[in-house]
$ cat model.cif   # mmCIF, C-alpha atoms
data_final
#
loop_
_atom_site.label_atom_id
_atom_site.label_comp_id
_atom_site.auth_asym_id
_atom_site.auth_seq_id
_atom_site.Cartn_x
_atom_site.Cartn_y
_atom_site.Cartn_z
CA MET A 190 0.00 0.00 0.00
CA ASN A 191 1.38 3.41 -0.90
CA SER A 192 -0.47 5.31 1.83
CA LYS A 193 0.73 5.00 5.39
CA HIS A 194 -2.89 5.30 6.56
CA SER A 195 -5.73 3.99 4.42
CA PHE A 196 -9.23 2.51 4.57
CA ILE A 197 -9.70 -0.65 2.56
CA GLY A 198 -12.73 -2.80 1.97
CA ALA A 199 -13.37 -6.52 1.62
CA VAL A 200 -16.39 -7.44 -0.47
CA GLU A 201 -17.92 -10.89 -0.77
CA ILE A 202 -20.79 -11.04 -3.26
CA GLY A 203 -22.35 -14.30 -2.15
CA THR A 204 -25.41 -16.25 -3.15
CA SER A 205 -27.28 -15.62 0.10
CA LYS A 206 -25.77 -12.34 1.33
CA ILE A 207 -23.38 -9.53 0.48
CA THR A 208 -20.75 -8.88 3.15
CA VAL A 209 -18.53 -5.80 3.32
CA LEU A 210 -15.86 -5.15 5.93
CA VAL A 211 -13.84 -1.95 6.30
CA GLY A 212 -10.29 -2.14 7.58
CA GLU A 213 -8.09 0.72 8.74
CA TYR A 214 -4.52 -0.01 7.68
CA THR A 215 -1.71 2.04 9.18
CA GLY A 216 1.16 0.33 7.38
CA ARG A 217 1.89 -1.77 10.47
CA GLU A 218 -1.44 -3.18 11.59
CA LEU A 219 -5.03 -3.67 10.48
CA ALA A 220 -8.16 -2.86 12.50
CA ILE A 221 -11.69 -3.79 11.40
CA ILE A 222 -13.75 -0.62 11.88
CA GLY A 223 -16.91 -1.22 9.84
CA CYS A 224 -19.27 -3.94 8.65
CA GLY A 225 -22.20 -3.92 6.23
CA GLU A 226 -24.50 -6.70 5.05
CA CYS A 227 -27.41 -7.08 2.68
CA GLN A 228 -29.46 -10.03 1.49
CA SER A 229 -28.13 -11.04 -1.90
CA ARG A 230 -30.16 -10.66 -5.07
CA GLY A 231 -29.22 -11.32 -8.67
CA VAL A 232 -26.43 -13.78 -7.76
CA ILE A 233 -26.59 -17.54 -8.32
CA LYS A 234 -23.72 -19.89 -7.41
CA GLY A 235 -21.28 -17.01 -7.22
CA THR A 236 -22.25 -15.59 -10.63
CA VAL A 237 -23.99 -12.26 -11.28
CA VAL A 238 -27.12 -13.05 -13.28
CA ASP A 239 -28.98 -9.77 -12.72
CA TYR A 240 -26.58 -6.83 -12.80
CA LYS A 241 -28.97 -4.18 -11.44
CA ALA A 242 -30.21 -6.34 -8.55
CA ALA A 243 -26.66 -7.40 -7.63
CA SER A 244 -25.44 -3.80 -7.85
CA ASP A 245 -28.25 -2.43 -5.70
CA CYS A 246 -27.72 -4.85 -2.81
CA THR A 247 -23.90 -4.61 -3.03
CA HIS A 248 -24.02 -0.83 -2.96
CA SER A 249 -26.41 -0.99 0.00
CA ALA A 250 -23.91 -3.15 1.90
CA LEU A 251 -21.04 -0.81 0.95
CA GLU A 252 -22.95 2.25 2.14
CA SER A 253 -23.84 0.50 5.39
CA ALA A 254 -20.20 -0.47 5.99
CA GLU A 255 -18.96 3.05 5.32
CA ARG A 256 -21.57 4.50 7.70
CA ASP A 257 -20.52 2.01 10.35
CA ALA A 258 -16.85 2.90 9.85
CA GLY A 259 -17.44 6.64 9.51
CA GLU A 260 -14.94 6.61 6.66
CA ARG A 261 -14.88 6.35 2.87
CA ILE A 262 -13.32 3.17 1.48
CA GLY A 263 -10.33 3.79 -0.79
CA CYS A 264 -10.17 0.41 -2.54
CA VAL A 265 -11.43 -3.13 -2.10
CA PHE A 266 -10.32 -6.73 -2.23
CA LEU A 267 -13.04 -8.66 -4.05
CA ALA A 268 -13.76 -12.35 -3.41
CA GLN A 269 -14.16 -14.68 -6.38
CA THR A 270 -15.97 -18.01 -6.54
CA GLY A 271 -18.06 -19.93 -9.07
CA GLY A 272 -17.92 -23.02 -11.21
CA HIS A 273 -16.26 -21.09 -14.05
CA LEU A 274 -13.00 -20.91 -12.06
CA GLU A 275 -10.49 -23.60 -12.97
CA GLY A 276 -6.86 -24.34 -12.11
CA PHE A 277 -3.89 -26.16 -13.57
CA HIS A 278 -0.29 -26.87 -12.64
CA ASN A 279 2.56 -25.78 -14.90
CA HIS A 280 6.20 -26.62 -14.27
CA ALA A 281 9.48 -25.27 -15.66
CA THR A 282 13.19 -26.10 -15.36
CA VAL A 283 16.22 -24.03 -16.36
CA ASN A 284 19.97 -24.59 -16.28
CA VAL A 285 21.74 -22.14 -13.99
CA LYS A 286 23.62 -19.60 -16.14
CA ALA A 287 26.59 -18.68 -13.97
CA ALA A 288 29.87 -20.53 -14.48
CA ASP A 289 30.13 -21.11 -10.72
CA ASN A 290 26.51 -22.42 -10.67
CA MET A 291 25.41 -19.74 -8.23
CA ILE A 292 21.70 -19.00 -8.76
CA GLY A 293 20.98 -15.39 -9.57
CA ARG A 294 17.91 -13.21 -9.83
CA ASP A 295 17.80 -13.70 -13.59
CA ASP A 296 17.60 -17.48 -13.18
CA ILE A 297 14.70 -17.12 -10.75
CA ASP A 298 12.82 -14.65 -12.97
CA THR A 299 13.36 -16.81 -16.07
CA VAL A 300 12.11 -20.07 -14.56
CA SER A 301 9.18 -18.28 -12.92
CA GLU A 302 8.06 -16.66 -16.16
CA LEU A 303 8.38 -19.97 -18.03
CA ALA A 304 6.26 -21.74 -15.42
CA LYS A 305 3.56 -19.06 -15.68
CA THR A 306 3.54 -18.88 -19.45
CA LYS A 307 0.72 -20.96 -20.87
CA ASP A 308 -1.90 -19.87 -23.35
CA LEU A 309 -5.48 -19.79 -22.10
CA PRO A 310 -8.58 -20.37 -24.22
CA ALA A 311 -10.26 -17.28 -25.63
CA GLY A 312 -12.32 -15.43 -23.05
CA ARG A 313 -10.34 -16.70 -20.05
CA MET A 314 -8.23 -14.61 -17.68
CA VAL A 315 -5.70 -15.45 -14.96
CA VAL A 316 -6.93 -14.68 -11.44
CA HIS A 317 -3.99 -16.10 -9.47
CA ASN A 318 -0.54 -17.48 -10.21
CA ILE A 319 0.36 -19.33 -7.00
CA ARG A 320 4.00 -20.30 -6.80
CA ARG A 321 4.97 -23.62 -5.28
CA PRO A 322 8.41 -24.06 -3.66
CA PHE A 323 11.57 -24.01 -5.78
CA HIS A 324 13.77 -27.07 -6.24
CA VAL A 325 17.51 -26.93 -6.78
CA ASP A 326 18.89 -30.14 -8.30
CA GLY A 327 15.79 -31.91 -7.01
CA ARG A 328 16.14 -30.54 -3.46
CA LEU A 329 13.19 -28.57 -2.09
CA VAL A 330 14.01 -24.97 -1.19
CA PRO A 331 11.32 -23.45 1.07
CA THR A 332 12.55 -19.87 0.63
CA SER A 333 14.33 -17.99 -2.15
CA PRO A 334 17.02 -20.02 -3.97
CA GLU A 335 19.05 -16.88 -4.76
CA ASN A 336 22.80 -17.35 -4.13
CA LEU A 337 22.45 -21.11 -3.64
CA VAL A 338 24.64 -23.34 -5.80
CA GLY A 339 23.16 -25.85 -8.22
CA GLN A 340 22.91 -26.84 -11.85
CA LYS A 341 19.12 -27.02 -12.34
CA LEU A 342 16.45 -24.71 -10.94
CA GLU A 343 12.81 -25.86 -10.99
CA VAL A 344 9.53 -24.29 -9.98
CA GLY A 345 5.83 -24.91 -10.49
CA TYR A 346 2.78 -22.65 -10.40
CA TRP A 347 -0.86 -23.40 -9.71
CA THR A 348 -2.67 -21.06 -12.09
CA VAL A 349 -6.32 -20.19 -11.49
CA HIS A 350 -8.29 -18.69 -14.35
CA GLY A 351 -11.90 -17.75 -14.96
CA GLN A 352 -14.30 -16.51 -17.58
CA GLU A 353 -13.35 -12.95 -18.36
CA GLN A 354 -16.92 -11.67 -18.64
CA ARG A 355 -17.98 -13.14 -15.29
CA LEU A 356 -14.98 -11.56 -13.60
CA ALA A 357 -15.80 -8.28 -15.33
CA ASP A 358 -19.37 -8.36 -14.05
CA HIS A 359 -18.14 -8.46 -10.44
CA ILE A 360 -15.61 -5.69 -11.00
CA HIS A 361 -18.20 -3.48 -12.67
CA VAL A 362 -20.56 -3.86 -9.70
CA ILE A 363 -17.84 -2.37 -7.46
CA ARG A 364 -16.84 0.20 -10.03
CA GLY A 365 -20.41 1.46 -10.09
CA PHE A 366 -19.76 2.66 -6.54
CA ASN A 367 -16.69 4.60 -7.77
CA LEU A 368 -14.31 2.21 -6.04
CA GLU A 369 -11.07 0.66 -7.22
CA VAL A 370 -10.75 -3.12 -7.10
CA ARG A 371 -7.25 -3.56 -5.70
CA GLU A 372 -7.19 -7.32 -6.19
CA LEU A 373 -9.37 -10.28 -7.07
CA VAL A 374 -8.91 -12.99 -4.44
CA LEU A 375 -10.18 -16.55 -4.53
CA SER A 376 -12.70 -17.13 -1.76
CA SER A 377 -10.87 -20.33 -0.77
CA LEU A 378 -7.56 -18.49 -0.37
CA ALA A 379 -9.22 -15.78 1.71
CA SER A 380 -11.06 -18.07 4.12
CA GLY A 381 -8.23 -20.63 4.15
CA HIS A 382 -5.74 -17.95 5.16
CA MET A 383 -8.05 -16.98 8.01
CA VAL A 384 -8.58 -20.42 9.58
CA THR A 385 -5.16 -22.03 9.10
CA THR A 386 -1.80 -21.23 10.68
CA PRO A 387 1.55 -21.00 8.88
CA GLU A 388 2.59 -24.22 10.67
CA GLU A 389 -0.53 -26.07 9.46
CA ARG A 390 0.03 -24.86 5.91
CA GLN A 391 3.62 -26.07 6.12
CA HIS A 392 2.64 -29.57 7.26
CA GLY A 393 -0.37 -29.84 4.95
CA ILE A 394 -4.02 -28.98 5.58
CA LEU A 395 -7.23 -28.90 3.54
CA ALA A 396 -9.60 -25.95 4.06
CA ILE A 397 -13.19 -26.34 2.84
CA ASP A 398 -15.48 -23.30 2.73
CA ILE A 399 -19.16 -24.23 2.38
CA GLY A 400 -21.26 -21.27 1.30
CA ALA A 401 -24.87 -21.04 0.22
CA GLY A 402 -24.32 -21.65 -3.49
CA THR A 403 -20.75 -22.93 -3.78
CA THR A 404 -18.13 -24.89 -1.87
CA ASP A 405 -14.57 -23.62 -2.22
CA PHE A 406 -11.50 -25.58 -1.16
CA VAL A 407 -7.75 -25.12 -0.94
CA LEU A 408 -5.14 -27.75 -0.17
CA TYR A 409 -1.92 -26.45 1.38
CA ARG A 410 1.47 -28.15 1.19
CA ASP A 411 4.95 -26.91 2.07
CA GLY A 412 3.49 -23.63 3.31
CA VAL A 413 1.65 -22.61 0.12
CA ALA A 414 -1.59 -23.32 -1.71
CA HIS A 415 -1.02 -26.49 -3.73
CA THR A 416 -4.46 -27.00 -5.31
CA THR A 417 -7.71 -25.02 -5.28
CA GLY A 418 -11.18 -25.65 -6.63
CA VAL A 419 -14.87 -24.81 -6.56
CA VAL A 420 -17.88 -27.11 -6.42
CA PRO A 421 -21.14 -25.37 -7.50
CA VAL A 422 -23.05 -26.91 -4.59
CA GLY A 423 -23.63 -25.39 -1.15
CA GLY A 424 -26.04 -25.02 1.73
CA THR A 425 -29.03 -24.07 -0.44
CA HIS A 426 -28.74 -27.43 -2.20
CA LEU A 427 -29.10 -29.23 1.12
CA THR A 428 -32.17 -27.14 1.81
CA ASN A 429 -33.58 -27.92 -1.63
CA ASP A 430 -33.07 -31.66 -1.11
CA LEU A 431 -34.93 -31.41 2.18
CA ALA A 432 -37.78 -29.47 0.54
CA ILE A 433 -38.16 -32.09 -2.19
CA GLY A 434 -37.81 -35.07 0.13
CA LEU A 435 -40.33 -33.80 2.68
CA ARG A 436 -42.58 -31.96 0.21
CA LEU A 437 -42.48 -28.53 1.79
CA THR A 438 -41.38 -25.01 0.88
CA GLU A 439 -37.70 -24.05 0.86
CA GLY A 440 -38.37 -21.58 3.67
CA HIS A 441 -39.77 -24.32 5.87
CA ALA A 442 -36.98 -26.69 4.80
CA GLU A 443 -34.37 -24.12 5.82
CA LYS A 444 -36.04 -23.79 9.20
CA LEU A 445 -35.94 -27.56 9.75
CA LYS A 446 -32.31 -27.73 8.59
CA LEU A 447 -31.21 -25.07 11.05
CA ARG A 448 -33.16 -26.56 13.97
CA PHE A 449 -32.73 -30.31 13.45
CA GLY A 450 -30.21 -30.85 10.64
CA ARG A 451 -27.14 -33.05 11.03
CA ALA A 452 -24.42 -34.20 8.66
CA GLU A 453 -24.64 -37.70 10.13
CA VAL A 454 -27.66 -39.76 11.14
CA GLN A 455 -27.91 -39.87 14.90
CA ASN A 456 -31.57 -40.64 15.48
CA ARG A 457 -32.53 -44.26 14.85
CA ASP A 458 -36.15 -44.03 15.96
CA ARG A 459 -38.33 -43.93 12.84
CA ALA A 460 -41.33 -42.96 14.95
CA GLU A 461 -39.75 -39.81 16.48
CA LYS A 462 -41.10 -36.62 14.98
CA VAL A 463 -40.29 -32.92 15.37
CA TRP A 464 -42.47 -29.86 14.94
CA LEU A 465 -41.76 -27.29 12.25
CA ASP A 466 -42.41 -24.30 14.53
CA GLY A 467 -43.20 -25.89 17.87
CA ASN A 468 -45.94 -23.39 18.68
CA PHE A 469 -48.74 -25.78 17.70
CA ALA A 470 -50.41 -22.98 15.76
CA ILE A 471 -52.37 -23.45 12.54
CA GLY A 472 -49.96 -24.67 9.87
CA ASP A 473 -47.47 -26.17 12.32
CA ARG A 474 -46.58 -29.67 11.17
CA GLN A 475 -44.59 -32.69 12.27
CA PHE A 476 -41.78 -34.41 10.35
CA PRO A 477 -39.78 -37.60 10.99
CA ARG A 478 -36.46 -36.61 12.59
CA GLN A 479 -34.68 -39.57 11.04
CA ALA A 480 -35.80 -38.49 7.55
CA ILE A 481 -34.36 -35.01 8.06
CA GLU A 482 -30.99 -36.42 9.16
CA THR A 483 -30.93 -39.06 6.41
CA ILE A 484 -31.53 -36.55 3.60
CA LEU A 485 -28.98 -34.02 4.86
CA SER A 486 -26.30 -36.60 5.69
CA ALA A 487 -26.56 -38.14 2.20
CA ARG A 488 -26.09 -34.81 0.41
CA THR A 489 -23.31 -33.71 2.78
CA TRP A 490 -21.38 -36.94 2.23
CA GLU A 491 -21.87 -36.57 -1.53
CA LEU A 492 -20.59 -32.98 -1.48
CA LEU A 493 -17.43 -33.90 0.43
CA GLU A 494 -16.85 -36.88 -1.87
CA VAL A 495 -16.99 -34.52 -4.87
CA VAL A 496 -14.33 -32.30 -3.25
CA LYS A 497 -12.16 -35.36 -2.65
CA LYS A 498 -12.60 -36.50 -6.25
CA LYS A 499 -11.69 -33.05 -7.59
CA LEU A 500 -8.49 -33.10 -5.53
CA GLY A 501 -7.55 -36.48 -6.99
CA ASN A 502 -3.97 -37.52 -6.39
CA ALA A 503 -3.14 -34.10 -4.91
CA PHE A 504 -4.72 -35.21 -1.64
CA ALA A 505 -3.23 -37.96 0.49
CA PRO A 506 -3.70 -38.40 4.26
CA GLU A 507 0.05 -38.77 4.79
CA THR A 508 0.72 -35.30 3.29
CA CYS A 509 -2.14 -33.64 5.16
CA ALA A 510 -1.03 -33.75 8.78
CA GLY A 511 -3.23 -30.77 9.67
CA GLY A 512 -6.33 -32.64 8.53
CA VAL A 513 -9.42 -30.79 7.31
CA VAL A 514 -10.66 -27.41 8.55
CA LEU A 515 -14.24 -26.40 7.74
CA THR A 516 -15.57 -22.88 7.39
CA GLY A 517 -18.35 -20.87 5.75
CA GLY A 518 -21.99 -20.55 6.78
CA GLY A 519 -22.70 -24.16 5.79
CA ALA A 520 -19.97 -25.45 8.10
CA LYS A 521 -22.19 -24.87 11.13
CA LEU A 522 -24.21 -28.00 10.32
CA PRO A 523 -23.80 -30.29 13.37
CA ALA A 524 -21.60 -33.39 12.92
CA LEU A 525 -20.03 -31.99 9.72
CA ALA A 526 -16.52 -32.46 11.13
CA GLU A 527 -17.23 -36.11 11.93
CA CYS A 528 -18.53 -36.65 8.40
CA ALA A 529 -15.49 -34.95 6.82
CA SER A 530 -13.12 -37.02 8.94
CA LYS A 531 -14.66 -40.23 7.62
CA VAL A 532 -14.63 -39.08 3.99
CA PHE A 533 -11.00 -37.88 3.98
CA GLY A 534 -9.55 -40.25 6.56
CA VAL A 535 -7.95 -37.46 8.62
CA PRO A 536 -9.03 -35.39 11.65
CA ALA A 537 -11.44 -32.54 10.88
CA HIS A 538 -12.58 -29.51 12.84
CA LEU A 539 -14.52 -26.26 12.51
CA GLY A 540 -12.25 -23.33 11.73
CA GLU A 541 -11.68 -20.42 14.09
CA PRO A 542 -10.16 -17.03 13.21
CA PRO A 543 -7.06 -15.91 15.11
CA ALA A 544 -7.33 -14.40 18.58
CA GLY A 545 -8.08 -10.70 18.44
CA VAL A 546 -10.96 -10.89 15.98
CA SER A 547 -14.04 -9.36 17.62
CA GLU A 548 -16.75 -11.74 18.81
CA ASN A 549 -19.36 -10.47 16.34
CA LEU A 550 -17.09 -11.43 13.41
CA ARG A 551 -16.03 -14.87 14.59
CA ASP A 552 -18.97 -16.62 12.93
CA PRO A 553 -17.78 -18.84 10.01
CA GLY A 554 -19.92 -16.79 7.66
CA TYR A 555 -17.47 -13.87 8.03
CA HIS A 556 -14.25 -15.82 7.52
CA THR A 557 -14.00 -15.12 3.78
CA ALA A 558 -14.47 -11.35 4.16
CA LEU A 559 -11.97 -11.26 7.05
CA GLY A 560 -9.51 -13.32 5.06
CA LEU A 561 -9.79 -10.97 2.09
CA LEU A 562 -8.26 -8.19 4.15
CA TYR A 563 -5.55 -10.22 5.85
CA TYR A 564 -4.60 -12.32 2.82
CA GLY A 565 -4.63 -9.31 0.53
CA LEU A 566 -2.40 -7.24 2.76
CA SER A 567 0.01 -10.08 3.53
CA SER A 568 0.64 -10.63 -0.16
CA GLN A 569 0.93 -6.98 -1.18
CA SER A 570 4.66 -7.03 -1.89
CA GLU A 571 4.39 -9.96 -4.29
CA GLN A 572 1.27 -8.58 -5.94
CA ALA A 573 2.83 -5.14 -6.30
CA ALA A 574 5.76 -6.70 -8.13
CA ALA A 575 3.32 -8.49 -10.45
CA ARG A 576 1.50 -5.25 -11.15
CA ARG A 577 4.78 -3.50 -11.97
CA ARG A 578 5.39 -6.21 -14.55
CA GLY A 579 1.94 -5.43 -15.93
CA GLY A 580 0.31 -8.84 -15.49
CA PHE A 581 -2.65 -8.05 -13.29
CA LEU A 582 -3.17 -4.50 -14.48
CA ARG A 583 -3.31 -5.59 -18.11
CA GLY A 584 -6.08 -8.02 -17.22
CA VAL A 585 -8.09 -5.56 -15.16
CA THR A 586 -7.70 -2.82 -17.76
CA ARG A 587 -9.04 -5.23 -20.37
CA LEU A 588 -12.03 -5.99 -18.17
CA PHE A 589 -12.75 -2.29 -17.60
CA ALA A 590 -12.69 -1.75 -21.36
CA HIS A 591 -15.97 -3.67 -21.61
CA THR A 592 -17.89 -0.90 -19.82
#

$ encode --input "model.cif" --output "structure tokens"
Amino acid sequence: MNSKHSFIGAVEIGTSKITVLVGEYTGRELAIIGCGECQSRGVIKGTVVDYKAASDCTHSALESAERDAGERIGCVFLAQTGGHLEGFHNHATVNVKAADNMIGRDDIDTVSELAKTKDLPAGRMVVHNIRRPFHVDGRLVPTSPENLVGQKLEVGYWTVHGQEQRLADHIHVIRGFNLEVRELVLSSLASGHMVTTPEERQHGILAIDIGAGTTDFVLYRDGVAHTTGVVPVGGTHLTNDLAIGLRLTEGHAEKLKLRFGRAEVQNRDRAEKVWLDGNFAIGDRQFPRQAIETILSARTWELLEVVKKKLGNAFAPETCAGGVVLTGGGAKLPALAECASKVFGVPAHLGEPPAGVSENLRDPGYHTALGLLYYGLSSQSEQAAARRRGGFLRGVTRLFAHT
């Protein structure tokens, strides 16, 4: 950040709600000073489908956050999710140039650019180039290899890309509020950064963020994001399954899910029933408790199995000592950790933000927005270097040209 004192925003345009946080950054520390929320409209599975509706509710949340903070936001970090986001690994190797085999800055820049250089299909744009650790003559180097001695320098990048127009739609929503989008950040990287520690990321951990319309995940190895992905299924799909299975409205199904839902079947008594409202008023109805648990546990298990399948060979219990950490609004479903532990074969737990985060923001539903600020600021030096090389700015400028 160029300013020694600035007000930055984190914006998550979700399927169920829009969340905006305002952070005051002094150059040394970050304080959350404002929060704004609005029920989401015009957004399905992380994609803007009605620009005016999405803009109206996003701008309402931005205005609310600025009123709460008493300050005007200077720029924002904007979360990205959706089934259009995809990732791939690209690897490069170079021979060290120097006669004494000492690795220089040129060697590092050359191998990095080679590993990031891969043509994308028309209409696609890079969102993140995530560098994996360097290797010198096959030996892993957790930090910079500069000034080490070796003959071959290797590096790989996990590149995430998305549909240019869908990314543009999100940027234009923010731009309509006369705000600069400082960076696009994957939702999984934001929430994962918030609920994992550097030690866990070093030893391997899988973070799964279950939202209303999508489930985002990031697998960490050797301290960095190794693989990311998005499944276009979330909490609303569990609600929909319940509505279909029990033949009731989605509103009533959501109520039953929140009151009696579980990710694993606990009740074995087919005869036990629960009341929808419990007030015995006209319209109050009874439903089999076992049926509620059976429907939700089946879809939850299926969702986690899809995440595991998408990870493929990237995931292995022996390289994931930190286990699985769950976050997002959908992660509050009881027994979800037990279900995840069985699916992945490693310990699982509900994620918690670091100490110091105020109590009203500790709910898993805020982890992505919180992570946007902390992840974005922690990676500013690397991102600033990328912008100086023109990579990100070229992409954003191209997106703005569509307006």

$ residues_around --input "model.cif" --residues "segment 231-236 of chain A" --least-positions-apart "3" --cutoff "12 Å" --atoms "only C-alpha atoms" --output "MDAnalysis selection string"
chainID A and resid 201:207 228 239:247 268:274 351:352 354:360 362 375:376 399:405 419:426

$ resolve_selection --input "model.cif" --expression "the PyMOL selection byres ((chain A and resi 480-484) around 7)" --output "PDB file with C-alpha atoms, in the frame of the given file"
ATOM      1  CA  ASP A 430     -33.070 -31.660  -1.110  1.00  0.00           C
ATOM      2  CA  LEU A 431     -34.930 -31.410   2.180  1.00  0.00           C
ATOM      3  CA  GLY A 450     -30.210 -30.850  10.640  1.00  0.00           C
ATOM      4  CA  ARG A 451     -27.140 -33.050  11.030  1.00  0.00           C
ATOM      5  CA  ALA A 452     -24.420 -34.200   8.660  1.00  0.00           C
ATOM      6  CA  GLU A 453     -24.640 -37.700  10.130  1.00  0.00           C
ATOM      7  CA  VAL A 454     -27.660 -39.760  11.140  1.00  0.00           C
ATOM      8  CA  PRO A 477     -39.780 -37.600  10.990  1.00  0.00           C
ATOM      9  CA  ARG A 478     -36.460 -36.610  12.590  1.00  0.00           C
ATOM     10  CA  GLN A 479     -34.680 -39.570  11.040  1.00  0.00           C
ATOM     11  CA  LEU A 485     -28.980 -34.020   4.860  1.00  0.00           C
ATOM     12  CA  SER A 486     -26.300 -36.600   5.690  1.00  0.00           C
ATOM     13  CA  ALA A 487     -26.560 -38.140   2.200  1.00  0.00           C
ATOM     14  CA  ARG A 488     -26.090 -34.810   0.410  1.00  0.00           C
TER      15      ARG A 488
END

$ closest_residue --input "model.cif" --among "A:Ala254, A:Val413, A:Ala396, A:Leu437" --to "Val514 of chain A" --atoms "all atoms listed in the file"
A:Ala396

$ atom_distance --input "model.cif" --atom1 "atom CA of Asn279 of chain A" --atom2 "atom CA of His392 of chain A"
22.5 Å

$ resolve_selection --input "model.cif" --expression "the PyMOL selection byres ((chain A and resi 314-318) around 6)" --output "MDAnalysis selection string"
chainID A and resid 313 319 347:351 353

$ atom_distance --input "model.cif" --atom1 "atom CA of Asn367 of chain A" --atom2 "atom CA of Val238 of chain A"
21.2 Å

$ resolve_selection --input "model.cif" --expression "the PyMOL selection byres ((chain A and resi 509-512) around 8)" --output "list of chain:residue names"
A:Glu389, A:Arg390, A:His392, A:Gly393, A:Ile394, A:Leu395, A:Arg410, A:Phe504, A:Ala505, A:Pro506, A:Glu507, A:Thr508, A:Val513, A:Val514, A:Val535, A:Pro536, A:Ala537

$ closest_residue --input "model.cif" --among "A:Ile397, A:Lys497, A:Ser567, A:Pro322" --to "Gly534 of chain A" --atoms "all atoms listed in the file"
A:Lys497

$ closest_residue --input "model.cif" --among "A:Gly518, A:Gly345, A:Gly565, A:Gly412" --to "Val200 of chain A" --atoms "all atoms listed in the file"
A:Gly565

$ atom_distance --input "model.cif" --atom1 "atom CA of Val265 of chain A" --atom2 "atom CA of Glu369 of chain A"
6.4 Å

$ residues_near_point --input "model.cif" --point "(-29.2, -5.7, 6.7)" --cutoff "9 Å" --atoms "all atoms listed in the file" --output "PyMOL selection string"
chain A and resi 225-228+249-250+253

$ closest_residue --input "model.cif" --among "A:Phe449, A:Phe277, A:Tyr563, A:Phe366" --to "His415 of chain A" --atoms "all atoms listed in the file"
A:Phe277

$ closest_residue --input "model.cif" --among "A:His324, A:Arg230, A:Arg256, A:Lys341" --to "Met291 of chain A" --atoms "all atoms listed in the file"
A:Lys341

$ closest_residue --input "model.cif" --among "A:Leu566, A:Cys528, A:Glu343, A:Ala288" --to "Glu302 of chain A" --atoms "all atoms listed in the file"
A:Glu343

$ residues_around --input "model.cif" --residues "Gly293 of chain A" --least-positions-apart "2" --cutoff "10 Å" --atoms "only C-alpha atoms" --output "PyMOL selection string"
chain A and resi 285-287+290-291+295-298+334-338

$ closest_atom_pairs --input "model.cif" --of "segment 206-320 of chain A" --to "segment 546-559 of chain A" --cutoff "9 Å" --atoms "all atoms listed in the file" --output "tab-separated table"
residue	atom	partner	partner_atom	distance
A:Thr208	CA	A:Ala558	CA	6.8
A:Val209	CA	A:Ala558	CA	6.9
A:Leu210	CA	A:Ala558	CA	6.6
A:Ile221	CA	A:Val546	CA	8.5
A:Phe266	CA	A:Ala558	CA	8.9
A:Leu267	CA	A:Ala558	CA	8.8
A:Ala268	CA	A:Ala558	CA	7.7

$ residues_around --input "model.cif" --residues "Gly540 of chain A" --least-positions-apart "2" --cutoff "6 Å" --atoms "only C-alpha atoms" --output "list in words"
Val384, Val514, Leu515 and Thr516 of chain A

$ residues_around --input "model.cif" --residues "His441 of chain A" --least-positions-apart "2" --cutoff "12 Å" --atoms "only C-alpha atoms" --output "tab-separated table (two decimals) with C-alpha atoms, in the coordinates of the input"
chain	number	residue	atom	x	y	z
A	428	THR	CA	-32.17	-27.14	1.81
A	429	ASN	CA	-33.58	-27.92	-1.63
A	431	LEU	CA	-34.93	-31.41	2.18
A	432	ALA	CA	-37.78	-29.47	0.54
A	433	ILE	CA	-38.16	-32.09	-2.19
A	435	LEU	CA	-40.33	-33.80	2.68
A	436	ARG	CA	-42.58	-31.96	0.21
A	437	LEU	CA	-42.48	-28.53	1.79
A	438	THR	CA	-41.38	-25.01	0.88
A	439	GLU	CA	-37.70	-24.05	0.86
A	443	GLU	CA	-34.37	-24.12	5.82
A	444	LYS	CA	-36.04	-23.79	9.20
A	445	LEU	CA	-35.94	-27.56	9.75
A	446	LYS	CA	-32.31	-27.73	8.59
A	447	LEU	CA	-31.21	-25.07	11.05
A	448	ARG	CA	-33.16	-26.56	13.97
A	449	PHE	CA	-32.73	-30.31	13.45
A	464	TRP	CA	-42.47	-29.86	14.94
A	465	LEU	CA	-41.76	-27.29	12.25
A	466	ASP	CA	-42.41	-24.30	14.53
A	472	GLY	CA	-49.96	-24.67	9.87
A	473	ASP	CA	-47.47	-26.17	12.32
A	474	ARG	CA	-46.58	-29.67	11.17
A	475	GLN	CA	-44.59	-32.69	12.27
A	476	PHE	CA	-41.78	-34.41	10.35
